Protein chains: 2
Amino acid sequence: MTRATSSLPSSSSDIHSLMQSIGRAAVIAAEQLALAPTAAKDRALAAAAAAIRNRSAAILKSNAEDMAEAEGAGLGAAMLDRLRLDAKRIEAMARGLEEVRALPDPIGRVSAEWERPNGLRITRVRVPLGVIGIIYESRPNVTADAGALCLKSGNASILRGGSESARSSTAIHGCLVEGLIAADLPSAAIQLVPTSDRAAVGEMLGAMQEYIDVLVPRGGKSLVARVQQEARVPVIGHLEGNCHIYVDRDAELDMARAITINSKMRRTGVCGAAETLLVDRGCGPEVLPTLIAELISAGCEVRGDETARAADARVRPAQELDWHTEYLDAIIALRVVDGVDAAIAHITRYGSSHTEAIVTRNAATAERFLERVDSAIVLHNASTQFADGGEFGMGAEIGISTDRFHARGPVGVEQLTSYKYVVHGSGQVRP
Amino acid sequence: MTRATSSLPSSSSDIHSLMQSIGRAAVIAAEQLALAPTAAKDRALAAAAAAIRNRSAAILKSNAEDMAEAEGAGLGAAMLDRLRLDAKRIEAMARGLEEVRALPDPIGRVSAEWERPNGLRITRVRVPLGVIGIIYESRPNVTADAGALCLKSGNASILRGGSESARSSTAIHGCLVEGLIAADLPSAAIQLVPTSDRAAVGEMLGAMQEYIDVLVPRGGKSLVARVQQEARVPVIGHLEGNCHIYVDRDAELDMARAITINSKMRRTGVCGAAETLLVDRGCGPEVLPTLIAELISAGCEVRGDETARAADARVRPAQELDWHTEYLDAIIALRVVDGVDAAIAHITRYGSSHTEAIVTRNAATAERFLERVDSAIVLHNASTQFADGGEFGMGAEIGISTDRFHARGPVGVEQLTSYKYVVHGSGQVRP
């Protein structure tokens with residue numbers, strides 16, 4: 001087993017120098033990438049997909065080494081599952097690159113155009129953000145996804161993966177670089193930070209502010225919290241998804257059942273999974289017991305308030321903490337509320353402004369909920385698990401932003417751009 | 001003369017408490033403002049404009065006190081001019097409020113709408129950012145402008161003006177609050193920080209991150225630098241405008257003269273004023289001497305390279321520092337370059353990515369410049385002084401952003417918004 005971080009710098013000044021040179025190379029690559037034709041970027045993505053397929057044996061070997069070390073270090077099952085690659089996951093990665101390739105190129109697109117009374121013609125044109133830093137944890141496929149999205153949107157990327165997946169990410173990154181070279185694009189357009197030293201993250205958050213235009217943390221709460229606390233660089237943050245379903249008195253029961261079960265149980269570990277179910281006290285007497293029974297028979301633990309427990313003895317008591325919790329597990333908090341305004345008040349107090357859904361046939365109630373719930377995504381009569389860039393038709397995404405600034409909701413190639421104003425005149429001067 | 005800051009907190013823990021309560025009040029006001037109808041916001045702006053006209057005597061009296069103190073403290077003439085109010089400036093402030101009132105309300109506007117194959121209808125709807133903190137210096141009119149723009153865009157604002165203008169800003173702020181009350185909007189929708197203690201700025205940059213969604217620094221380099229260095233909150237930054245004009249070999253001389261003089265001399269103190277003139281070595285022999293002579297006879301000092309000095313003995317030698325300098329004065333740096341690519345290279349090296357113009361009749365050369373110069377605003381055959389939200393047809397602006405993130409170029413009401421996704425379904429669940 002080779003040490004993935006063998007000949008790498010260890011002193012903090014070495015890491016500072018390393019990261020500075022990565023930053024400088026990224027800025028130069030970003031200038032070239034901003035002008036790269038769509039065809040070149042697409043060629044690079046196609047070649048990278050081919051390289052991932054061709055080198056799948058080597059990637060699997062690197063991943064096996066990462067897995068062995070992680071198992072030796074006693075990593076948990078969920079972490080090991082995120083780290084594990086197999087033939088199917090490698091094929092999914094290659095297809096992911098091809099899907100990004102198939103997306104329309106956002107760069108150079110005119111998003112607005114108008115003429116002024118003095119004859120000046122103003123166009124607002126999409127340009128890349130520049131250099132994007134991505135800090136992630138154990139999933140090695142993020143290396144491919146994030147590198148590809150940044151490339152398609154004309155941005156240079158600096159990828160800093162977790163130490164557990166260092167060998168896997170290095171192997172995958174090699175395929176991306178092969179693609180860049182095949183398309184005559186600068187190989188520094190996608191750089192992987194070659195050290196697991198945490199000081200490298202500190203450099204990205206602070207000392208590299210001259211080079212990095214935006215940071216995207218992808219990972220658990222402690223990573224995101226550290227980034228939001230320390231970053232001197234703009235951040236597209238992805239905080240927790242404490243998502244709610246509100247079943248209104250005017251809901252159709254079958255629809256409420258289907259949406260509740262799907263929102264909670266389709267996948268419990270995704271950020272768009274529902275964590276709290278709010279049921280209107282005005283619902284018919286069969287609604288609450290039916291929803292509880294469905295959840296429990298689907299394998300979900302229900303933690304409810306007094307009314308919910310009175311409806312079904314299997315409901316465990318909910319604590320204050322439950323309303324705040326993103327379980328990411330087969331557990332749901334259940335509260336009975338007095339109508340849509342009480343539901344909105346609960347969500348305003350406990351929600352994380354990610355994704356919430358209302359189930360109702362009453363259009364006015366739905367509009368009130370959709371307008372007043374201040375979340376990135378609000379849904380009427382649909383599952384919270386649609387919170388996904390692919391489901392929105394945006395292609396791949398780098399995450400779901402819970403920020404309000406720059407990008408909110410799914411972050412795809414369009415959200416990884418800025419714009420410039422191009423003004424055509426015929427000699428106009430300002431009076 | 002009253003002390004504007006008489007009964008105010010002085011210890012840092014008092015200021016912390018004060019700013020926390022301002023932050024909490026702003027968040028509550030922002031929730032109400034997000035749902036406020038256009039008519040209410042417009043009524044508040046109209047009533048505030050009326051109050052400014054009605055109370056002009058009191059505002060002038062407060063301003064006279066600020067001016068007396070500033071003169072006593074030995075403030076420079078430029079600073080005193082920024083601080084000074086007169087009947088004309090007060091009327092301009094009132095008219096400014098009415099202009100913001102006349103702008104279309106961005107909130108609730110659908111910026112994109114599409115349907116998915118599964119029947120989900122997705123709309124992207126503009127919502128306010130929330131709470132905007134504005135830190136500015138001596139111009140008291142910023143109190144009215146910034147408060148009005150934030151109100152129109154549905155945002156609560158926390159205004160922190162300079163100590164020199166404290167009495168003037170307090171008087172103006174009183175008129176804004178009168179407008180809010182007249183329209184039944186929360187008076188905390190526009191708050192003025194009632195202390196000149198610099199610790200209040202520190203609170204806005206750091207401890208108030210829970211309450212403030214975006215900070216806008218409006219002021220000199222040291223303020224902006226402090227904000228960019230310390231802020232834990234997203235910032236819409238306005239860095240310097242080291243703007244360039246490039247006169248190409250294919251420029252029409254009369255147009256080049258008019259654009260050069262207007263870009264530099266219309267107003268020298270605005271961020272869109274040109275600071276460096278680049279002249280193509282391929283221009284006819286009359287171009288360089290003509291431009292230099294025009295600039296000098298317009299009262300501009302010219303600091304040039306060897307070639308420029310050879311063309312006119314009145315040109316002073318330019319130092320390396322001149323290429324970096326935003327003079328904001330009747331001084332221009334002049335360099336002779338070898339064609340458009342050398343001009344682009346100079347701008348890439350020395351520019352501040354604010355606004356640059358090319359003068360040429362050659363469409364291909366123009367396109368090359370417009371595509372490759374990475375600035376918020378690039379102009380072909382027009383003056384750099386068009387860098388202005390009003391001239392862009394965006395109405396009033398809170399500044400020109402030199403950031404790439406969120407907003408670039410003029411920041412008007414639309415740039416002070418975020419968005420949410422509203423999804424209408426008919427029972428869809430995710431497979």
# chains A, B, ... in the order shown; residues from 1 in each chain; ligands from 1
>>> residues_around(residues="A:Ser157", least_positions_apart="2", cutoff="9 Å", atoms="only C-alpha atoms", output="list in words")
Ala26, Ala30, Gly130, Val131, Ile132, Gly133, Ile134, Ala146, Gly147, Cys150, Leu151, Asn155, Leu159, Ala188, Ala189, Ile190, Gln191, Leu192 and Ile212 of chain A
>>> residues_around(residues="A:Asp86", least_positions_apart="5", cutoff="10 Å", atoms="only C-alpha atoms", output="VMD selection string")
chain A and resid 56 to 57 59 to 60 63 to 64 91 to 92
>>> select_by_dssp(residues="stretch 62-266 of chain A", states="alpha helix (DSSP H)", output="VMD selection string")
chain A and resid 62 to 72 77 to 83 87 to 102 141 to 152 166 to 182 199 to 205 221 to 230 253 to 265
>>> closest_atom_pairs(of="stretch 82-185 of chain B", to="stretch 398-401 of chain B", cutoff="9 Å", atoms="only C-alpha atoms", output="JSON lines")
{"residue": "B:Val142", "atom": "CA", "partner": "B:Ile398", "partner_atom": "CA", "distance": 8.5}
{"residue": "B:Asp145", "atom": "CA", "partner": "B:Ile398", "partner_atom": "CA", "distance": 7.4}
{"residue": "B:Ala146", "atom": "CA", "partner": "B:Ile398", "partner_atom": "CA", "distance": 6.2}
{"residue": "B:Leu149", "atom": "CA", "partner": "B:Ile398", "partner_atom": "CA", "distance": 7.4}
>>> write_last_selection(atoms="N, CA and C atoms", output="compact mmCIF listing (two decimals), in the first residue's frame")
# COMPACT_ATOMS: atom_id res chain seq x y z
N VAL B 142 -26.65 59.64 1.77
CA VAL B 142 -26.67 58.17 1.68
C VAL B 142 -27.74 57.60 2.60
N ASP B 145 -30.85 57.72 0.43
CA ASP B 145 -30.74 56.84 -0.74
C ASP B 145 -30.76 55.37 -0.35
N ALA B 146 -29.90 55.02 0.59
CA ALA B 146 -29.74 53.61 0.94
C ALA B 146 -30.99 53.10 1.65
N LEU B 149 -33.69 52.55 -1.10
CA LEU B 149 -33.46 51.40 -1.98
C LEU B 149 -33.73 50.09 -1.23
>>> atom_distance(atom1="atom CA of A:Leu215", atom2="atom CA of A:Thr355")
22.7 Å
